[in-house]
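Trainee: So here's model-v4.cif (mmCIF, C-alpha atoms and all ligand atoms; chains and numbers go by the auth columns).
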data_query
#
loop_
_atom_site.group_PDB
_atom_site.id
_atom_site.type_symbol
_atom_site.label_atom_id
_atom_site.label_comp_id
_atom_site.label_asym_id
_atom_site.label_seq_id
_atom_site.Cartn_x
_atom_site.Cartn_y
_atom_site.Cartn_z
_atom_site.B_iso_or_equiv
_atom_site.auth_seq_id
_atom_site.auth_asym_id
ATOM 1 C CA MET A 1 -102.667 25.767 14.917 0.00 28 P
ATOM 2 C CA ILE A 2 -99.100 27.035 15.043 0.00 29 P
ATOM 3 C CA ARG A 3 -98.568 30.724 14.517 0.00 30 P
ATOM 4 C CA PHE A 4 -95.323 32.668 14.494 0.00 31 P
ATOM 5 C CA LEU A 5 -96.150 36.327 15.017 0.00 32 P
ATOM 6 C CA ASP A 6 -93.484 38.866 14.208 0.00 33 P
ATOM 7 C CA VAL A 7 -90.752 36.613 15.566 0.00 34 P
ATOM 8 C CA SER A 8 -87.193 37.904 15.618 0.00 35 P
ATOM 9 C CA HIS A 9 -84.282 35.979 17.013 0.00 36 P
ATOM 10 C CA ARG A 10 -80.616 36.440 17.618 0.00 37 P
ATOM 11 C CA TYR A 11 -78.376 34.212 19.684 0.00 38 P
ATOM 12 C CA GLY A 12 -76.833 37.067 21.652 0.00 39 P
ATOM 13 C CA PRO A 13 -76.782 40.845 21.876 0.00 40 P
ATOM 14 C CA GLU A 14 -73.618 40.961 19.769 0.00 41 P
ATOM 15 C CA GLU A 15 -74.915 38.554 17.146 0.00 42 P
ATOM 16 C CA ASP A 16 -76.799 39.332 13.953 0.00 43 P
ATOM 17 C CA PHE A 17 -80.494 38.541 13.793 0.00 44 P
ATOM 18 C CA VAL A 18 -81.169 35.102 12.308 0.00 45 P
ATOM 19 C CA LEU A 19 -84.915 35.719 12.022 0.00 46 P
ATOM 20 C CA ARG A 20 -86.428 39.144 11.609 0.00 47 P
ATOM 21 C CA HIS A 21 -90.184 39.806 11.862 0.00 48 P
ATOM 22 C CA PHE A 22 -91.036 36.275 10.816 0.00 49 P
ATOM 23 C CA THR A 23 -94.788 35.656 10.581 0.00 50 P
ATOM 24 C CA GLU A 24 -96.225 32.362 9.437 0.00 51 P
ATOM 25 C CA GLU A 25 -99.100 30.040 10.228 0.00 52 P
ATOM 26 C CA LEU A 26 -99.552 26.270 10.073 0.00 53 P
ATOM 27 C CA LYS A 27 -103.052 24.904 10.179 0.00 54 P
ATOM 28 C CA ASP A 28 -103.910 21.792 12.186 0.00 55 P
ATOM 29 C CA GLY A 29 -103.180 18.701 10.141 0.00 56 P
ATOM 30 C CA GLU A 30 -101.093 20.517 7.552 0.00 57 P
ATOM 31 C CA PHE A 31 -97.849 19.033 6.124 0.00 58 P
ATOM 32 C CA VAL A 32 -95.462 21.901 5.462 0.00 59 P
ATOM 33 C CA VAL A 33 -91.867 21.856 4.267 0.00 60 P
ATOM 34 C CA MET A 34 -89.369 24.527 5.195 0.00 61 P
ATOM 35 C CA THR A 35 -86.503 25.209 2.839 0.00 62 P
ATOM 36 C CA GLY A 36 -83.742 27.757 2.436 0.00 63 P
ATOM 37 C CA PRO A 37 -79.964 27.977 2.301 0.00 64 P
ATOM 38 C CA SER A 38 -77.773 26.661 5.088 0.00 65 P
ATOM 39 C CA GLY A 39 -77.676 29.026 8.063 0.00 66 P
ATOM 40 C CA VAL A 40 -80.949 30.759 7.246 0.00 67 P
ATOM 41 C CA GLY A 41 -82.649 29.655 10.470 0.00 68 P
ATOM 42 C CA LYS A 42 -84.573 26.405 9.853 0.00 69 P
ATOM 43 C CA THR A 43 -83.176 24.591 12.890 0.00 70 P
ATOM 44 C CA THR A 44 -83.572 27.790 14.916 0.00 71 P
ATOM 45 C CA LEU A 45 -87.292 27.834 14.088 0.00 72 P
ATOM 46 C CA ILE A 46 -87.672 24.216 15.135 0.00 73 P
ATOM 47 C CA ARG A 47 -85.831 24.895 18.421 0.00 74 P
ATOM 48 C CA LEU A 48 -88.068 27.914 19.057 0.00 75 P
ATOM 49 C CA LEU A 49 -91.110 25.721 18.576 0.00 76 P
ATOM 50 C CA LEU A 50 -89.735 23.204 21.073 0.00 77 P
ATOM 51 C CA ARG A 51 -89.152 26.024 23.585 0.00 78 P
ATOM 52 C CA GLU A 52 -85.450 25.144 23.601 0.00 79 P
ATOM 53 C CA LEU A 53 -84.932 28.788 22.651 0.00 80 P
ATOM 54 C CA MET A 54 -86.888 31.908 23.541 0.00 81 P
ATOM 55 C CA PRO A 55 -87.325 34.363 20.680 0.00 82 P
ATOM 56 C CA THR A 56 -85.756 37.769 21.151 0.00 83 P
ATOM 57 C CA GLU A 57 -89.089 39.265 20.094 0.00 84 P
ATOM 58 C CA GLY A 58 -92.502 38.062 19.025 0.00 85 P
ATOM 59 C CA GLN A 59 -95.076 35.461 19.924 0.00 86 P
ATOM 60 C CA ILE A 60 -95.327 31.774 19.077 0.00 87 P
ATOM 61 C CA MET A 61 -98.860 30.460 19.435 0.00 88 P
ATOM 62 C CA VAL A 62 -99.538 26.735 19.622 0.00 89 P
ATOM 63 C CA ASN A 63 -103.264 26.057 19.894 0.00 90 P
ATOM 64 C CA ARG A 64 -104.010 29.546 21.211 0.00 91 P
ATOM 65 C CA GLU A 65 -101.301 29.391 23.848 0.00 92 P
ATOM 66 C CA ASP A 66 -98.294 31.680 23.567 0.00 93 P
ATOM 67 C CA ILE A 67 -95.461 29.291 24.326 0.00 94 P
ATOM 68 C CA THR A 68 -93.070 32.169 24.978 0.00 95 P
ATOM 69 C CA GLN A 69 -95.172 32.913 28.088 0.00 96 P
ATOM 70 C CA MET A 70 -95.243 29.327 29.289 0.00 97 P
ATOM 71 C CA ALA A 71 -93.980 28.635 32.820 0.00 98 P
ATOM 72 C CA ALA A 72 -90.819 26.509 33.036 0.00 99 P
ATOM 73 C CA ALA A 73 -92.721 23.780 34.903 0.00 100 P
ATOM 74 C CA GLU A 74 -95.107 23.334 31.965 0.00 101 P
ATOM 75 C CA ILE A 75 -92.413 22.884 29.331 0.00 102 P
ATOM 76 C CA PRO A 76 -91.847 19.124 29.792 0.00 103 P
ATOM 77 C CA TYR A 77 -95.592 18.513 29.382 0.00 104 P
ATOM 78 C CA TYR A 78 -95.713 20.777 26.352 0.00 105 P
ATOM 79 C CA ARG A 79 -92.786 18.926 24.727 0.00 106 P
ATOM 80 C CA ARG A 80 -94.572 15.619 25.107 0.00 107 P
ATOM 81 C CA ARG A 81 -97.181 16.942 22.682 0.00 108 P
ATOM 82 C CA ILE A 82 -94.509 17.348 20.029 0.00 109 P
ATOM 83 C CA GLY A 83 -92.538 14.598 18.309 0.00 110 P
ATOM 84 C CA VAL A 84 -89.214 15.434 16.750 0.00 111 P
ATOM 85 C CA ILE A 85 -86.691 13.676 14.524 0.00 112 P
ATOM 86 C CA PHE A 86 -83.254 14.850 13.445 0.00 113 P
ATOM 87 C CA GLN A 87 -80.743 14.227 10.693 0.00 114 P
ATOM 88 C CA ASP A 88 -78.355 12.507 13.122 0.00 115 P
ATOM 89 C CA PHE A 89 -80.863 10.106 14.754 0.00 116 P
ATOM 90 C CA ARG A 90 -79.736 10.551 18.409 0.00 117 P
ATOM 91 C CA LEU A 91 -80.508 7.029 19.584 0.00 118 P
ATOM 92 C CA ILE A 92 -78.974 5.623 22.762 0.00 119 P
ATOM 93 C CA GLN A 93 -76.315 3.400 21.223 0.00 120 P
ATOM 94 C CA GLU A 94 -75.951 0.787 23.954 0.00 121 P
ATOM 95 C CA ARG A 95 -79.700 0.201 24.350 0.00 122 P
ATOM 96 C CA SER A 96 -82.017 -1.896 22.200 0.00 123 P
ATOM 97 C CA VAL A 97 -84.663 -0.414 19.921 0.00 124 P
ATOM 98 C CA TYR A 98 -87.259 -1.467 22.495 0.00 125 P
ATOM 99 C CA ASP A 99 -85.437 0.339 25.324 0.00 126 P
ATOM 100 C CA ASN A 100 -84.928 3.451 23.193 0.00 127 P
ATOM 101 C CA LEU A 101 -88.706 3.674 22.909 0.00 128 P
ATOM 102 C CA ALA A 102 -89.413 2.659 26.504 0.00 129 P
ATOM 103 C CA VAL A 103 -87.488 5.640 27.912 0.00 130 P
ATOM 104 C CA THR A 104 -90.192 7.947 26.539 0.00 131 P
ATOM 105 C CA GLN A 105 -92.652 6.344 28.974 0.00 132 P
ATOM 106 C CA TYR A 106 -90.606 6.488 32.205 0.00 133 P
ATOM 107 C CA VAL A 107 -91.845 9.939 33.134 0.00 134 P
ATOM 108 C CA THR A 108 -95.451 9.375 32.126 0.00 135 P
ATOM 109 C CA GLY A 109 -96.132 6.974 34.994 0.00 136 P
ATOM 110 C CA ARG A 110 -97.815 4.466 32.690 0.00 137 P
ATOM 111 C CA GLY A 111 -97.472 0.789 33.478 0.00 138 P
ATOM 112 C CA ALA A 112 -95.142 -1.733 31.833 0.00 139 P
ATOM 113 C CA ARG A 113 -98.007 -3.373 29.990 0.00 140 P
ATOM 114 C CA HIS A 114 -99.134 -0.117 28.391 0.00 141 P
ATOM 115 C CA THR A 115 -95.518 0.623 27.434 0.00 142 P
ATOM 116 C CA GLU A 116 -95.068 -2.759 25.776 0.00 143 P
ATOM 117 C CA GLU A 117 -98.326 -2.480 23.852 0.00 144 P
ATOM 118 C CA ARG A 118 -97.562 1.032 22.700 0.00 145 P
ATOM 119 C CA ILE A 119 -94.032 0.117 21.555 0.00 146 P
ATOM 120 C CA MET A 120 -95.214 -2.869 19.547 0.00 147 P
ATOM 121 C CA HIS A 121 -98.110 -0.885 18.090 0.00 148 P
ATOM 122 C CA VAL A 122 -95.873 1.958 16.908 0.00 149 P
ATOM 123 C CA LEU A 123 -93.183 -0.396 15.551 0.00 150 P
ATOM 124 C CA SER A 124 -95.802 -2.408 13.642 0.00 151 P
ATOM 125 C CA PHE A 125 -97.358 0.750 12.252 0.00 152 P
ATOM 126 C CA LEU A 126 -93.961 1.674 10.795 0.00 153 P
ATOM 127 C CA GLY A 127 -93.308 -1.895 9.641 0.00 154 P
ATOM 128 C CA ILE A 128 -90.255 -2.496 11.857 0.00 155 P
ATOM 129 C CA ASP A 129 -91.569 -4.623 14.738 0.00 156 P
ATOM 130 C CA ARG A 130 -89.064 -7.373 13.867 0.00 157 P
ATOM 131 C CA LEU A 131 -86.226 -5.016 14.850 0.00 158 P
ATOM 132 C CA HIS A 132 -87.206 -4.475 18.477 0.00 159 P
ATOM 133 C CA LYS A 133 -84.300 -6.409 20.024 0.00 160 P
ATOM 134 C CA ARG A 134 -81.568 -4.881 17.865 0.00 161 P
ATOM 135 C CA LEU A 135 -79.028 -2.276 18.911 0.00 162 P
ATOM 136 C CA PRO A 136 -78.840 0.907 16.815 0.00 163 P
ATOM 137 C CA ARG A 137 -75.468 -0.157 15.348 0.00 164 P
ATOM 138 C CA GLU A 138 -77.113 -3.300 14.007 0.00 165 P
ATOM 139 C CA LEU A 139 -79.494 -1.205 11.893 0.00 166 P
ATOM 140 C CA SER A 140 -79.163 0.564 8.555 0.00 167 P
ATOM 141 C CA GLY A 141 -79.487 4.346 8.502 0.00 168 P
ATOM 142 C CA GLY A 142 -82.994 4.078 7.103 0.00 169 P
ATOM 143 C CA GLU A 143 -83.985 1.661 9.868 0.00 170 P
ATOM 144 C CA GLN A 144 -82.450 3.924 12.520 0.00 171 P
ATOM 145 C CA GLN A 145 -84.473 6.868 11.265 0.00 172 P
ATOM 146 C CA LYS A 146 -87.653 4.766 11.404 0.00 173 P
ATOM 147 C CA VAL A 147 -86.825 3.925 15.021 0.00 174 P
ATOM 148 C CA CYS A 148 -86.428 7.662 15.689 0.00 175 P
ATOM 149 C CA LEU A 149 -89.803 8.221 14.093 0.00 176 P
ATOM 150 C CA ALA A 150 -91.263 5.490 16.304 0.00 177 P
ATOM 151 C CA ARG A 151 -89.763 7.188 19.353 0.00 178 P
ATOM 152 C CA ALA A 152 -91.248 10.527 18.253 0.00 179 P
ATOM 153 C CA LEU A 153 -94.700 8.937 17.949 0.00 180 P
ATOM 154 C CA MET A 154 -94.680 7.140 21.312 0.00 181 P
ATOM 155 C CA ASN A 155 -96.671 9.822 23.136 0.00 182 P
ATOM 156 C CA ASP A 156 -99.072 10.324 20.208 0.00 183 P
ATOM 157 C CA PRO A 157 -98.025 13.941 19.568 0.00 184 P
ATOM 158 C CA GLU A 158 -100.212 16.507 17.814 0.00 185 P
ATOM 159 C CA ILE A 159 -97.224 17.929 15.982 0.00 186 P
ATOM 160 C CA LEU A 160 -94.276 16.204 14.328 0.00 187 P
ATOM 161 C CA LEU A 161 -91.131 18.213 13.609 0.00 188 P
ATOM 162 C CA ALA A 162 -88.453 16.812 11.307 0.00 189 P
ATOM 163 C CA ASP A 163 -85.137 18.603 10.888 0.00 190 P
ATOM 164 C CA GLU A 164 -83.581 17.346 7.633 0.00 191 P
ATOM 165 C CA PRO A 165 -84.672 13.789 8.391 0.00 192 P
ATOM 166 C CA THR A 166 -83.341 12.462 5.079 0.00 193 P
ATOM 167 C CA GLY A 167 -79.996 14.261 5.357 0.00 194 P
ATOM 168 C CA ASN A 168 -78.086 11.046 6.117 0.00 195 P
ATOM 169 C CA LEU A 169 -80.193 8.608 4.137 0.00 196 P
ATOM 170 C CA ASP A 170 -79.761 7.028 0.708 0.00 197 P
ATOM 171 C CA PRO A 171 -82.462 7.785 -1.890 0.00 198 P
ATOM 172 C CA GLY A 172 -84.452 4.603 -1.240 0.00 199 P
ATOM 173 C CA SER A 173 -84.581 5.112 2.522 0.00 200 P
ATOM 174 C CA SER A 174 -85.395 8.789 1.991 0.00 201 P
ATOM 175 C CA ARG A 175 -88.383 7.853 -0.141 0.00 202 P
ATOM 176 C CA ASP A 176 -89.567 5.369 2.490 0.00 203 P
ATOM 177 C CA LEU A 177 -89.306 7.986 5.202 0.00 204 P
ATOM 178 C CA ILE A 178 -91.154 10.647 3.236 0.00 205 P
ATOM 179 C CA HIS A 179 -94.023 8.240 2.653 0.00 206 P
ATOM 180 C CA LEU A 180 -94.176 7.434 6.361 0.00 207 P
ATOM 181 C CA LEU A 181 -94.350 11.161 7.144 0.00 208 P
ATOM 182 C CA GLU A 182 -97.141 11.446 4.607 0.00 209 P
ATOM 183 C CA LEU A 183 -98.961 8.542 6.275 0.00 210 P
ATOM 184 C CA ILE A 184 -98.599 10.227 9.669 0.00 211 P
ATOM 185 C CA HIS A 185 -99.907 13.463 8.171 0.00 212 P
ATOM 186 C CA ARG A 186 -102.906 11.602 6.765 0.00 213 P
ATOM 187 C CA GLN A 187 -103.668 10.404 10.281 0.00 214 P
ATOM 188 C CA GLY A 188 -104.263 14.029 11.179 0.00 215 P
ATOM 189 C CA LYS A 189 -100.969 15.218 12.595 0.00 216 P
ATOM 190 C CA THR A 190 -99.395 18.543 11.785 0.00 217 P
ATOM 191 C CA VAL A 191 -95.987 17.908 10.195 0.00 218 P
ATOM 192 C CA LEU A 192 -93.231 20.486 9.712 0.00 219 P
ATOM 193 C CA MET A 193 -90.129 19.286 7.893 0.00 220 P
ATOM 194 C CA ALA A 194 -86.958 21.248 7.183 0.00 221 P
ATOM 195 C CA THR A 195 -85.288 19.853 4.088 0.00 222 P
ATOM 196 C CA HIS A 196 -82.821 20.491 1.278 0.00 223 P
ATOM 197 C CA ASP A 197 -84.438 17.682 -0.655 0.00 224 P
ATOM 198 C CA ILE A 198 -87.313 19.272 -2.572 0.00 225 P
ATOM 199 C CA GLY A 199 -86.410 17.196 -5.644 0.00 226 P
ATOM 200 C CA LEU A 200 -87.304 14.044 -3.751 0.00 227 P
ATOM 201 C CA LEU A 201 -90.762 15.373 -2.814 0.00 228 P
ATOM 202 C CA GLN A 202 -91.367 16.313 -6.428 0.00 229 P
ATOM 203 C CA GLU A 203 -90.258 12.903 -7.693 0.00 230 P
ATOM 204 C CA GLU A 204 -92.623 11.280 -5.220 0.00 231 P
ATOM 205 C CA GLY A 205 -95.497 13.413 -6.458 0.00 232 P
ATOM 206 C CA LEU A 206 -96.123 15.221 -3.174 0.00 233 P
ATOM 207 C CA THR A 207 -97.519 18.719 -3.409 0.00 234 P
ATOM 208 C CA LEU A 208 -96.872 20.406 -0.108 0.00 235 P
ATOM 209 C CA ARG A 209 -96.927 23.975 1.070 0.00 236 P
ATOM 210 C CA GLN A 210 -93.380 25.230 1.157 0.00 237 P
ATOM 211 C CA ILE A 211 -92.080 27.961 3.441 0.00 238 P
ATOM 212 C CA LYS A 212 -88.931 29.273 1.801 0.00 239 P
ATOM 213 C CA LEU A 213 -86.783 31.038 4.340 0.00 240 P
ATOM 214 C CA ARG A 214 -84.615 33.789 3.052 0.00 241 P
ATOM 215 C CA GLU A 215 -81.967 35.755 4.841 0.00 242 P
ATOM 216 C CA HIS A 216 -83.178 37.724 7.851 0.00 243 P
ATOM 217 C CA GLY A 217 -86.304 35.683 8.299 0.00 244 P
ATOM 218 C CA THR A 218 -88.423 36.860 5.436 0.00 245 P
ATOM 219 C CA SER A 219 -90.283 34.003 3.878 0.00 246 P
ATOM 220 C CA VAL A 220 -92.026 33.173 0.653 0.00 247 P
ATOM 221 C CA VAL A 221 -94.738 30.592 0.517 0.00 248 P
ATOM 222 C CA SER A 222 -95.210 28.346 -2.476 0.00 249 P
ATOM 223 C CA ARG A 223 -95.937 24.733 -3.196 0.00 250 P
ATOM 224 C CA THR A 224 -93.665 21.912 -4.189 0.00 251 P
ATOM 225 C CA GLU A 225 -94.704 20.854 -7.632 0.00 252 P
ATOM 226 C CA GLY A 226 -95.827 17.298 -7.587 0.00 253 P
ATOM 227 C CA GLY A 227 -98.428 15.169 -9.228 0.00 254 P
ATOM 228 C CA GLU A 228 -101.378 14.392 -7.040 0.00 255 P
ATOM 229 C CA HIS A 229 -102.422 16.520 -4.121 0.00 256 P
ATOM 230 C CA ALA A 230 -101.429 15.041 -0.843 0.00 257 P
ATOM 231 C CA TRP A 231 -103.883 16.589 1.582 0.00 258 P
HETATM 232 N N1 LIG B . -76.160 28.302 19.504 0.00 301 Q
HETATM 233 C C1 LIG B . -75.874 29.242 18.586 0.00 301 Q
HETATM 234 N N2 LIG B . -75.177 30.343 18.913 0.00 301 Q
HETATM 235 C C2 LIG B . -74.903 31.309 18.005 0.00 301 Q
HETATM 236 N N3 LIG B . -75.302 31.260 16.720 0.00 301 Q
HETATM 237 C C3 LIG B . -76.000 30.176 16.324 0.00 301 Q
HETATM 238 C C4 LIG B . -76.317 29.110 17.233 0.00 301 Q
HETATM 239 N N4 LIG B . -77.014 28.187 16.563 0.00 301 Q
HETATM 240 C C5 LIG B . -77.126 28.628 15.304 0.00 301 Q
HETATM 241 N N5 LIG B . -76.512 29.830 15.159 0.00 301 Q
HETATM 242 C C6 LIG B . -76.437 30.629 13.932 0.00 301 Q
HETATM 243 O O1 LIG B . -77.775 30.923 13.513 0.00 301 Q
HETATM 244 C C7 LIG B . -77.869 30.865 12.093 0.00 301 Q
HETATM 245 C C8 LIG B . -79.005 29.934 11.717 0.00 301 Q
HETATM 246 O O2 LIG B . -78.660 28.606 12.067 0.00 301 Q
HETATM 247 P P1 LIG B . -79.622 27.372 11.830 0.00 301 Q
HETATM 248 O O3 LIG B . -78.959 26.200 12.426 0.00 301 Q
HETATM 249 O O4 LIG B . -80.972 27.723 12.320 0.00 301 Q
HETATM 250 O O5 LIG B . -79.638 27.282 10.241 0.00 301 Q
HETATM 251 P P2 LIG B . -80.281 26.194 9.259 0.00 301 Q
HETATM 252 O O6 LIG B . -81.176 26.911 8.324 0.00 301 Q
HETATM 253 O O7 LIG B . -80.863 25.100 10.069 0.00 301 Q
HETATM 254 O O8 LIG B . -79.023 25.661 8.435 0.00 301 Q
HETATM 255 P P3 LIG B . -78.723 24.194 7.822 0.00 301 Q
HETATM 256 O O9 LIG B . -79.502 24.103 6.545 0.00 301 Q
HETATM 257 O O10 LIG B . -77.250 24.202 7.587 0.00 301 Q
HETATM 258 O O11 LIG B . -79.128 23.185 8.857 0.00 301 Q
HETATM 259 C C9 LIG B . -76.507 30.464 11.576 0.00 301 Q
HETATM 260 O O12 LIG B . -75.836 31.624 11.173 0.00 301 Q
HETATM 261 C C10 LIG B . -75.829 29.855 12.784 0.00 301 Q
HETATM 262 O O13 LIG B . -74.444 30.063 12.746 0.00 301 Q
HETATM 263 MG MG MG B . -80.436 23.105 10.305 0.00 302 Q
#
Written as structure tokens, that's how I'd like the structure from this file.
Ligand SMILES: Nc1ncnc2c1ncn2[C@@H]1O[C@H](COP(=O)(O)OP(=O)(O)OP(=O)(O)O)[C@@H](O)[C@H]1O
Ligand SMILES: [Mg+2]
Mentor:
Amino acid sequence: MIRFLDVSHRYGPEEDFVLRHFTEELKDGEFVVMTGPSGVGKTTLIRLLLRELMPTEGQIMVNREDITQMAAAEIPYYRRRIGVIFQDFRLIQERSVYDNLAVTQYVTGRGARHTEERIMHVLSFLGIDRLHKRLPRELSGGEQQKVCLARALMNDPEILLADEPTGNLDPGSSRDLIHLLELIHRQGKTVLMATHDIGLLQEEGLTLRQIKLREHGTSVVSRTEGGEHAW
């Protein structure tokens, strides 16, 4: 479970608060979308959850542990439990798809054989195993985002965070990606996606809980209106 408890954040003592007394809970295995106007704090929330930022006030519980109290030495281990994808992909341009995934295993001390099996398993799961020798520039945007998703899944995270993952994709690739996120959710992972693309979710018939961020961190919870229920 992820729980934000009375979280307030500002980037500096002279800055305005981005989030103010934000309280919200995500249950294990839930797929939640986060929406709201540009600058409202969606990326900030994702960075808080990754412990890239410390909130100015409040607690952030992940499975009963307050991550704001976590020792610095624990943070790399904590981050391995969380997969994350971004709008701008962030692949290593001069390395193959295979190598982009292999780097996630260097620090885990697992052997080459495990790494190879895991890479091919994750690529097959996402239907892109044929791309393993390509460089990022030899891929379409949609393919690059699938590689990012593969990279995020390499350490079998409990939680998947997606910050506007369809922001740079055409409608077809966006639909593909959303359905992969839905598949990952159905495998039991907790998924939190920031998006401006609620229309796409509705067109695809996904009914998801929606956290609508408003200025100063207040939030409204509703559901995207889709056809069939997706959980
Ligand atoms: N490193 C930073 N230092 C100071 N202010 C920042 C920093 N990062 C973000 N902000 C400010 O915090 C506010 C929230 O930014 P954030 O990136 O979380 O918004 P967002 O909801 O993700 O927007 P978008 O939909 O455009 O991605 C904005 O006013 C932004 O200018
Ligand atoms: Mg953002």
Trainee: Let me make sure I understand: among P:Glu143, P:Glu209, P:Asp203, P:Asp190, which one has the smallest atom-to-atom distance to Asp115 in chain P if we use all atoms listed in the file?
Mentor: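 That would be P:Asp190, the residue with the smallest distance to Asp115 in chain P.
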Trainee: For the file shown, report as a list in words the outcome of the PyMOL selection byres (((not hetatm)) within 12 of (chain Q and resi 302)) at residue level.
Mentor: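 Applying the expression gives Met61, Thr62, Gly63, Pro64, Ser65, Gly66, Val67, Gly68, Lys69, Thr70, Thr71, Leu72, Ile73, Arg74, Phe113, Gln114, Asp115, Ala189, Asp190, Glu191, Pro192, Gly194, Met220, Ala221, Thr222, His223 and Leu240 of chain P.
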Trainee: Please produce a file of the residues just selected, as a PDB file, in the frame of the given file, where the atoms kept are C-alpha atoms.
Mentor:
ATOM      1  CA  MET P  61     -89.369  24.527   5.195  1.00  0.00           C
ATOM      2  CA  THR P  62     -86.503  25.209   2.839  1.00  0.00           C
ATOM      3  CA  GLY P  63     -83.742  27.757   2.436  1.00  0.00           C
ATOM      4  CA  PRO P  64     -79.964  27.977   2.301  1.00  0.00           C
ATOM      5  CA  SER P  65     -77.773  26.661   5.088  1.00  0.00           C
ATOM      6  CA  GLY P  66     -77.676  29.026   8.063  1.00  0.00           C
ATOM      7  CA  VAL P  67     -80.949  30.759   7.246  1.00  0.00           C
ATOM      8  CA  GLY P  68     -82.649  29.655  10.470  1.00  0.00           C
ATOM      9  CA  LYS P  69     -84.573  26.405   9.853  1.00  0.00           C
ATOM     10  CA  THR P  70     -83.176  24.591  12.890  1.00  0.00           C
ATOM     11  CA  THR P  71     -83.572  27.790  14.916  1.00  0.00           C
ATOM     12  CA  LEU P  72     -87.292  27.834  14.088  1.00  0.00           C
ATOM     13  CA  ILE P  73     -87.672  24.216  15.135  1.00  0.00           C
ATOM     14  CA  ARG P  74     -85.831  24.895  18.421  1.00  0.00           C
ATOM     15  CA  PHE P 113     -83.254  14.850  13.445  1.00  0.00           C
ATOM     16  CA  GLN P 114     -80.743  14.227  10.693  1.00  0.00           C
ATOM     17  CA  ASP P 115     -78.355  12.507  13.122  1.00  0.00           C
ATOM     18  CA  ALA P 189     -88.453  16.812  11.307  1.00  0.00           C
ATOM     19  CA  ASP P 190     -85.137  18.603  10.888  1.00  0.00           C
ATOM     20  CA  GLU P 191     -83.581  17.346   7.633  1.00  0.00           C
ATOM     21  CA  PRO P 192     -84.672  13.789   8.391  1.00  0.00           C
ATOM     22  CA  GLY P 194     -79.996  14.261   5.357  1.00  0.00           C
ATOM     23  CA  MET P 220     -90.129  19.286   7.893  1.00  0.00           C
ATOM     24  CA  ALA P 221     -86.958  21.248   7.183  1.00  0.00           C
ATOM     25  CA  THR P 222     -85.288  19.853   4.088  1.00  0.00           C
ATOM     26  CA  HIS P 223     -82.821  20.491   1.278  1.00  0.00           C
ATOM     27  CA  LEU P 240     -86.783  31.038   4.340  1.00  0.00           C
TER      28      LEU P 240
END
Trainee: What separation in Å, quoted to one decimal, exists between CA of Tyr38 in chain P and CA of Arg108 in chain P?
Mentor: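 Going from CA of Tyr38 in chain P over to CA of Arg108 in chain P, I get 25.7 Å.
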Trainee: Evaluate the PyMOL selection byres (((chain P and resi 225) around 12) and not hetatm) and record the selected residues as a PyMOL selection string, following the chain and residue labels used in the document.
Mentor: chain P and resi 59-63+191+193-194+201-202+205+220-224+226-239+250-253
Trainee: The PyMOL selection byres (((chain P and resi 182-188) around 8) and not hetatm) on the file shown: which residues, as a list of chain:residue names?
Mentor: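 Going through the file, the PyMOL selection byres (((chain P and resi 182-188) around 8) and not hetatm) ends up selecting P:Ile73, P:Arg107, P:Arg108, P:Ile109, P:Gly110, P:Val111, P:Ile112, P:Thr131, P:Gln132, P:Ala179, P:Leu180, P:Met181, P:Ala189, P:Asp190, P:Lys216, P:Thr217, P:Val218, P:Leu219, P:Met220.
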Trainee: Rounded to one decimal, what separation in Å do you get between CA of Tyr104 in chain P and CA of Val134 in chain P?
Mentor: 10.1 Å
Trainee: Report as a list in words all protein, DNA and RNA residues lying within 9 Å of Gly169 in chain P, evaluated on all atoms listed in the file, omitting residues in the same chain fewer than 5 positions from it.
Mentor: Val174, Thr193, Asn195, Leu196, Asp197, Gly199, Ser200, Ser201, Asp203 and Leu204 of chain P
Trainee: Would you kindly return, as an MDAnalysis selection string, each protein, DNA or RNA residue with an atom no farther than 10 Å from any atom of Thr142 in chain P, considering all atoms listed in the file and excluding same-chain residues fewer than 3 positions away?
Mentor: chainID P and resid 125 128:133 135:139 145:148 181
Trainee: Just give me the gap between CA of Glu144 in chain P and CA of Glu57 in chain P in Å, one decimal is fine.
Mentor: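 Here the two named atoms are 28.3 Å from each other.
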